[in-house]
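Working notes for the structure below.
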Amino acid sequence: MFLEALASVLLGLALALLAAHRLSHRLPDRNLVLATGAAGALFGAFVTHSVLGPGNALPTLGGAVVVSVASVSLLVRPRSSARTSRTGKPSPAGV
């Protein structure tokens, strides 16, 4: 169980680093992204291990990856557009 937890945290950190690198303009602070990825992976491993029981390391890591990606995806901000205002309506030309 300890190795599964360690591996899931490392996978969560790797996925969070990848997301922070590729989507740095749409994510908050890098430390928050890394913590969310690691915590999501650890929680996903815990839930998957609780459901499947011991001896299922690969599905447990798969569950860790799924929950980690889902957790980090909640941090992604929508694209900002210079042509839309706060209400979502296009701004008049020349303003």
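To be explicit about the labels: the chains of the structure tokens are called A, B, and onward in the order shown, and within each one the residues are counted from 1, while ligands get numbers from 1 in the order they are shown.
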* If you run DSSP on this backbone, which residues of chain A come out as helix (DSSP H, G or I), and could you give them as a PyMOL selection string? -> chain A and resi 2-22+30-52+57-73
Store the residues picked out above, limited to C-alpha atoms, as a PDB file, in the first residue's frame.
ATOM      1  CA  PHE A   2       2.852   2.395   0.777  1.00  0.00           C
ATOM      2  CA  LEU A   3       4.405   1.915  -2.661  1.00  0.00           C
ATOM      3  CA  GLU A   4       1.027   2.426  -4.324  1.00  0.00           C
ATOM      4  CA  ALA A   5       0.576   5.683  -2.409  1.00  0.00           C
ATOM      5  CA  LEU A   6       4.075   6.864  -3.269  1.00  0.00           C
ATOM      6  CA  ALA A   7       3.666   5.962  -6.932  1.00  0.00           C
ATOM      7  CA  SER A   8       0.278   7.672  -7.106  1.00  0.00           C
ATOM      8  CA  VAL A   9       1.659  10.893  -5.594  1.00  0.00           C
ATOM      9  CA  LEU A  10       4.554  10.848  -8.061  1.00  0.00           C
ATOM     10  CA  LEU A  11       2.137  10.300 -10.948  1.00  0.00           C
ATOM     11  CA  GLY A  12      -0.056  13.132  -9.692  1.00  0.00           C
ATOM     12  CA  LEU A  13       2.931  15.462  -9.459  1.00  0.00           C
ATOM     13  CA  ALA A  14       4.082  14.507 -12.958  1.00  0.00           C
ATOM     14  CA  LEU A  15       0.622  15.140 -14.414  1.00  0.00           C
ATOM     15  CA  ALA A  16       0.333  18.443 -12.563  1.00  0.00           C
ATOM     16  CA  LEU A  17       3.762  19.534 -13.811  1.00  0.00           C
ATOM     17  CA  LEU A  18       2.757  18.680 -17.352  1.00  0.00           C
ATOM     18  CA  ALA A  19      -0.493  20.609 -17.015  1.00  0.00           C
ATOM     19  CA  ALA A  20       1.268  23.579 -15.410  1.00  0.00           C
ATOM     20  CA  HIS A  21       3.785  23.640 -18.242  1.00  0.00           C
ATOM     21  CA  ARG A  22       1.290  23.354 -21.080  1.00  0.00           C
ATOM     22  CA  ARG A  30       2.084  26.410  -9.837  1.00  0.00           C
ATOM     23  CA  ASN A  31       2.247  25.347  -6.163  1.00  0.00           C
ATOM     24  CA  LEU A  32      -1.540  25.075  -6.010  1.00  0.00           C
ATOM     25  CA  VAL A  33      -1.593  22.997  -9.192  1.00  0.00           C
ATOM     26  CA  LEU A  34       1.091  20.638  -7.865  1.00  0.00           C
ATOM     27  CA  ALA A  35      -0.631  20.210  -4.517  1.00  0.00           C
ATOM     28  CA  THR A  36      -3.975  19.573  -6.196  1.00  0.00           C
ATOM     29  CA  GLY A  37      -2.477  16.980  -8.536  1.00  0.00           C
ATOM     30  CA  ALA A  38      -0.729  15.110  -5.729  1.00  0.00           C
ATOM     31  CA  ALA A  39      -3.716  15.239  -3.369  1.00  0.00           C
ATOM     32  CA  GLY A  40      -6.116  14.168  -6.103  1.00  0.00           C
ATOM     33  CA  ALA A  41      -3.918  11.223  -7.022  1.00  0.00           C
ATOM     34  CA  LEU A  42      -3.589  10.144  -3.403  1.00  0.00           C
ATOM     35  CA  PHE A  43      -7.336  10.378  -2.890  1.00  0.00           C
ATOM     36  CA  GLY A  44      -7.995   8.476  -6.120  1.00  0.00           C
ATOM     37  CA  ALA A  45      -5.583   5.731  -5.082  1.00  0.00           C
ATOM     38  CA  PHE A  46      -7.253   5.497  -1.672  1.00  0.00           C
ATOM     39  CA  VAL A  47     -10.750   5.194  -3.124  1.00  0.00           C
ATOM     40  CA  THR A  48      -9.705   2.712  -5.818  1.00  0.00           C
ATOM     41  CA  HIS A  49      -7.719   0.609  -3.342  1.00  0.00           C
ATOM     42  CA  SER A  50     -10.688   0.613  -0.944  1.00  0.00           C
ATOM     43  CA  VAL A  51     -13.038  -0.591  -3.663  1.00  0.00           C
ATOM     44  CA  LEU A  52     -10.803  -3.184  -5.329  1.00  0.00           C
ATOM     45  CA  ALA A  57      -1.737  -2.051  -8.224  1.00  0.00           C
ATOM     46  CA  LEU A  58      -2.293  -1.042 -11.855  1.00  0.00           C
ATOM     47  CA  PRO A  59      -6.020  -0.315 -11.530  1.00  0.00           C
ATOM     48  CA  THR A  60      -5.272   1.578  -8.321  1.00  0.00           C
ATOM     49  CA  LEU A  61      -2.761   3.763 -10.154  1.00  0.00           C
ATOM     50  CA  GLY A  62      -5.269   4.204 -12.961  1.00  0.00           C
ATOM     51  CA  GLY A  63      -7.829   5.485 -10.481  1.00  0.00           C
ATOM     52  CA  ALA A  64      -5.199   7.826  -9.059  1.00  0.00           C
ATOM     53  CA  VAL A  65      -4.496   9.243 -12.506  1.00  0.00           C
ATOM     54  CA  VAL A  66      -8.178   9.749 -13.288  1.00  0.00           C
ATOM     55  CA  VAL A  67      -8.925  11.622 -10.052  1.00  0.00           C
ATOM     56  CA  SER A  68      -5.721  13.659 -10.337  1.00  0.00           C
ATOM     57  CA  VAL A  69      -6.566  14.804 -13.868  1.00  0.00           C
ATOM     58  CA  ALA A  70     -10.126  15.597 -12.826  1.00  0.00           C
ATOM     59  CA  SER A  71      -8.908  17.625  -9.843  1.00  0.00           C
ATOM     60  CA  VAL A  72      -6.418  19.651 -11.857  1.00  0.00           C
ATOM     61  CA  SER A  73      -8.978  20.247 -14.593  1.00  0.00           C
TER      62      SER A  73
END
* Pick out the residues sitting within 12 Å of Pro78 of chain A, and hand them over as a PyMOL selection string; count only C-alpha atoms, and ignore anything fewer than 3 positions along from it in its own chain. => chain A and resi 23+25-28+73-75+81+88
